[in-house]
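**Q** Below is the file start_29.txt, which contains compact mmCIF, C-alpha atoms and all ligand atoms.
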# COMPACT_ATOMS: atom_id res chain seq x y z
CA MET A 1 35.31 -2.07 -86.33
CA TYR A 2 33.68 -1.31 -82.96
CA LYS A 3 35.08 -4.57 -81.58
CA VAL A 4 38.56 -3.70 -82.80
CA VAL A 5 38.43 -0.35 -80.99
CA LEU A 6 37.30 -2.07 -77.79
CA LEU A 7 40.17 -4.54 -78.09
CA VAL A 8 42.67 -1.72 -78.50
CA ILE A 9 41.31 -0.01 -75.40
CA PHE A 10 41.47 -3.28 -73.48
CA PHE A 11 45.11 -3.92 -74.38
CA SER A 12 46.23 -0.37 -73.74
CA CYS A 13 44.68 -0.51 -70.26
CA GLY A 14 46.64 -3.69 -69.60
CA GLN A 15 49.79 -1.91 -70.69
CA ASP A 16 49.21 0.98 -68.30
CA LEU A 17 48.67 -1.39 -65.40
CA GLY A 18 51.95 -3.16 -66.17
CA ASN A 19 53.84 0.12 -66.13
CA SER A 20 52.33 1.41 -62.92
CA LEU A 21 53.17 -1.81 -61.07
CA SER A 22 56.84 -1.45 -61.85
CA ASP A 23 57.27 2.24 -61.07
CA ALA A 24 58.96 3.58 -57.97
CA SER A 25 55.82 4.45 -56.01
CA ALA A 26 54.53 0.89 -56.38
CA ASN A 27 57.93 -0.38 -55.22
CA SER A 28 57.80 1.66 -52.04
CA ILE A 29 54.64 -0.04 -50.80
CA ARG A 30 55.83 -3.59 -51.55
CA SER A 31 57.15 -5.88 -48.86
CA ILE A 32 59.82 -8.50 -49.38
CA ASN A 33 60.21 -12.11 -48.24
CA ARG A 34 63.76 -13.44 -48.11
CA ALA A 35 62.46 -16.97 -48.80
CA ASP A 36 61.51 -15.77 -52.31
CA GLY A 37 64.90 -14.18 -53.02
CA ASP A 38 67.46 -15.49 -55.50
CA LEU A 39 70.49 -16.25 -53.35
CA SER A 40 73.15 -16.20 -56.06
CA ASN A 41 72.03 -12.85 -57.47
CA GLY A 42 71.68 -11.53 -53.91
CA ALA A 43 75.23 -12.57 -53.02
CA LEU A 44 76.53 -10.71 -56.06
CA ARG A 45 74.49 -7.57 -55.26
CA TYR A 46 75.41 -7.70 -51.58
CA SER A 47 79.12 -7.81 -52.43
CA GLN A 48 78.70 -4.88 -54.84
CA HIS A 49 76.48 -2.61 -52.73
CA CYS A 50 76.66 -3.57 -49.05
CA ALA A 51 79.85 -5.42 -48.07
CA SER A 52 82.05 -2.32 -48.16
CA CYS A 53 80.24 -0.97 -45.07
CA HIS A 54 78.69 -4.11 -43.52
CA ASN A 55 81.43 -6.69 -44.27
CA SER A 56 80.96 -9.80 -46.40
CA ASP A 57 79.24 -11.62 -43.49
CA GLY A 58 77.13 -8.71 -42.23
CA SER A 59 79.26 -8.37 -39.10
CA GLY A 60 79.99 -4.70 -39.74
CA THR A 61 83.01 -2.44 -40.38
CA SER A 62 83.99 1.00 -39.14
CA SER A 63 81.55 2.38 -41.80
CA GLY A 64 78.44 0.35 -40.90
CA PRO A 65 77.05 -1.73 -38.01
CA ASN A 66 76.43 -5.47 -37.69
CA ILE A 67 73.18 -6.17 -39.56
CA GLN A 68 73.10 -9.97 -39.30
CA SER A 69 69.81 -10.15 -37.39
CA LYS A 70 67.89 -7.41 -39.20
CA SER A 71 64.41 -8.21 -40.51
CA ASP A 72 63.21 -8.10 -44.11
CA ALA A 73 61.28 -4.90 -43.38
CA GLN A 74 64.37 -3.23 -41.87
CA ILE A 75 66.47 -4.24 -44.89
CA LEU A 76 63.90 -2.93 -47.37
CA ASN A 77 63.44 0.32 -45.49
CA ALA A 78 67.16 1.00 -45.02
CA VAL A 79 67.95 0.41 -48.71
CA LEU A 80 64.94 2.33 -50.09
CA ASN A 81 65.08 5.28 -47.72
CA GLY A 82 68.56 5.27 -46.18
CA LYS A 83 69.12 5.50 -42.43
CA GLY A 84 71.50 7.79 -40.55
CA ALA A 85 74.85 7.67 -42.35
CA MET A 86 73.58 5.02 -44.78
CA PRO A 87 72.44 6.52 -48.09
CA ALA A 88 69.40 5.16 -49.92
CA ILE A 89 70.65 2.84 -52.66
CA THR A 90 68.43 3.83 -55.53
CA SER A 91 70.00 1.63 -58.20
CA LEU A 92 68.44 -1.53 -56.71
CA SER A 93 64.91 -2.73 -57.53
CA VAL A 94 62.68 -4.23 -54.84
CA ASP A 95 63.27 -7.65 -56.40
CA GLU A 96 67.02 -7.17 -56.06
CA ILE A 97 66.62 -6.08 -52.43
CA GLU A 98 64.63 -9.29 -51.85
CA ASP A 99 67.53 -11.24 -53.38
CA ILE A 100 69.92 -9.46 -51.00
CA ALA A 101 67.66 -10.31 -48.04
CA ALA A 102 68.07 -14.02 -48.91
CA VAL A 103 71.80 -13.63 -48.17
CA PHE A 104 71.03 -12.67 -44.54
CA ASP A 105 70.03 -16.29 -43.86
CA THR A 106 73.59 -17.36 -44.68
CA PHE A 107 75.25 -15.00 -42.15
C1 LIG B 1 78.16 3.79 -47.04
C2 LIG B 1 78.05 2.70 -46.10
C3 LIG B 1 76.86 1.79 -46.22
C4 LIG B 1 76.45 1.03 -47.30
C5 LIG B 1 77.09 0.97 -48.68
C6 LIG B 1 75.32 0.27 -46.86
N1 LIG B 1 75.01 0.57 -45.55
FE1 LIG B 1 73.54 -0.25 -44.47
N2 LIG B 1 74.00 0.99 -42.90
C7 LIG B 1 75.07 1.87 -42.88
C8 LIG B 1 75.06 2.57 -41.62
C9 LIG B 1 76.06 3.63 -41.17
C10 LIG B 1 73.95 2.09 -40.88
C11 LIG B 1 73.46 2.54 -39.49
C12 LIG B 1 72.35 3.56 -39.68
C13 LIG B 1 71.82 4.08 -38.36
O1 LIG B 1 71.21 3.29 -37.62
O2 LIG B 1 72.03 5.26 -38.09
C14 LIG B 1 73.32 1.08 -41.73
C15 LIG B 1 72.22 0.35 -41.36
C16 LIG B 1 71.69 -0.69 -42.08
C17 LIG B 1 70.62 -1.55 -41.62
C18 LIG B 1 69.91 -1.48 -40.27
C19 LIG B 1 68.64 -0.67 -40.40
C20 LIG B 1 67.86 -0.64 -39.10
O3 LIG B 1 66.64 -0.41 -39.19
O4 LIG B 1 68.43 -0.81 -38.03
C21 LIG B 1 70.38 -2.46 -42.61
C22 LIG B 1 69.37 -3.58 -42.59
C23 LIG B 1 71.30 -2.15 -43.69
N3 LIG B 1 72.08 -1.08 -43.32
C24 LIG B 1 71.37 -2.85 -44.86
C25 LIG B 1 72.18 -2.51 -45.93
C26 LIG B 1 72.16 -3.20 -47.19
C27 LIG B 1 71.27 -4.39 -47.52
C28 LIG B 1 73.06 -2.56 -47.99
C29 LIG B 1 73.35 -2.84 -49.43
C30 LIG B 1 72.25 -2.83 -50.35
C31 LIG B 1 73.66 -1.50 -47.20
N4 LIG B 1 73.10 -1.51 -45.96
C32 LIG B 1 74.65 -0.64 -47.65
C33 LIG B 1 76.00 2.06 -43.88
C34 LIG B 1 75.94 1.50 -45.13
Hey, can you dump this file as structure tokens for me?

**A**
Amino acid sequence: MYKVVLLVIFFSCGQDLGNSLSDASANSIRSINRADGDLSNGALRYSQHCASCHNSDGSGTSSGPNIQSKSDAQILNAVLNGKGAMPAITSLSVDEIEDIAAVFDTF
């Protein structure tokens, strides 16, 4: 019985760790690497969330500047926190932002 209780405690600790790694505060300290991004998902997300202001090739529109040469850190920060007239885009996970960053290599 004692062993069973220990096992339950062990597994519930594992569960808590899993949850805390995926919550928003853990996301905000993560960094991204465009080489790890999924290009096809990123292209879809970019067209849905970014192209209206930054154009399909990142060259900019009247609503947003050219972002073709921005770094991974600048992309992550702009999307998580917003910048100037750009709102934070809170519906995207850090993994999805990493996918979007992969698209910047195709600009
Ligand atoms: C509503 C229009 C709008 C949308 C949608 C938008 N942006 Fe922006 N973005 C802007 C504007 C405006 C700026 C310039 C902000 C400034 O420097 O004041 C900007 C700046 C940036 C920058 C430059 C940040 C820096 O540090 O210089 C990056 C990178 C960026 N956006 C990425 C994205 C990505 C990726 C998406 C989609 C997930 C996106 N933006 C969606 C308007 C938008």

**Q** Give me, as a ChimeraX atom specification, all polymer residues having an atom no more than 6 Å from stretch 34-51 of chain A, counting only C-alpha atoms and skipping those fewer than 4 positions away in the same chain.

**A** /A:55-56,98-103

**Q** Which centre and which edge lengths, in Å to one decimal, describe the axis-aligned box that holds all listed atoms of stretch 47-65 of chain A after 8 Å is added on each side, as AutoDock Vina command-line options?

**A**
--center_x 80.2 --center_y -4.6 --center_z -46.4 --size_x 23.5 --size_y 30.0 --size_z 32.8

**Q** Check which residues fall inside 9 Å of ligand LIG 1 (chain B) when counting all atoms listed in the file, and print them as a count of residues only.

**A** 45

**Q** Could you check the closest approach to A:Asp57 for each of A:Ser31, A:Thr90, A:Asp95, A:Thr106 and tell me which residue wins, using all atoms listed in the file?

**A**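 That would be A:Thr106, the residue with the smallest distance to A:Asp57.
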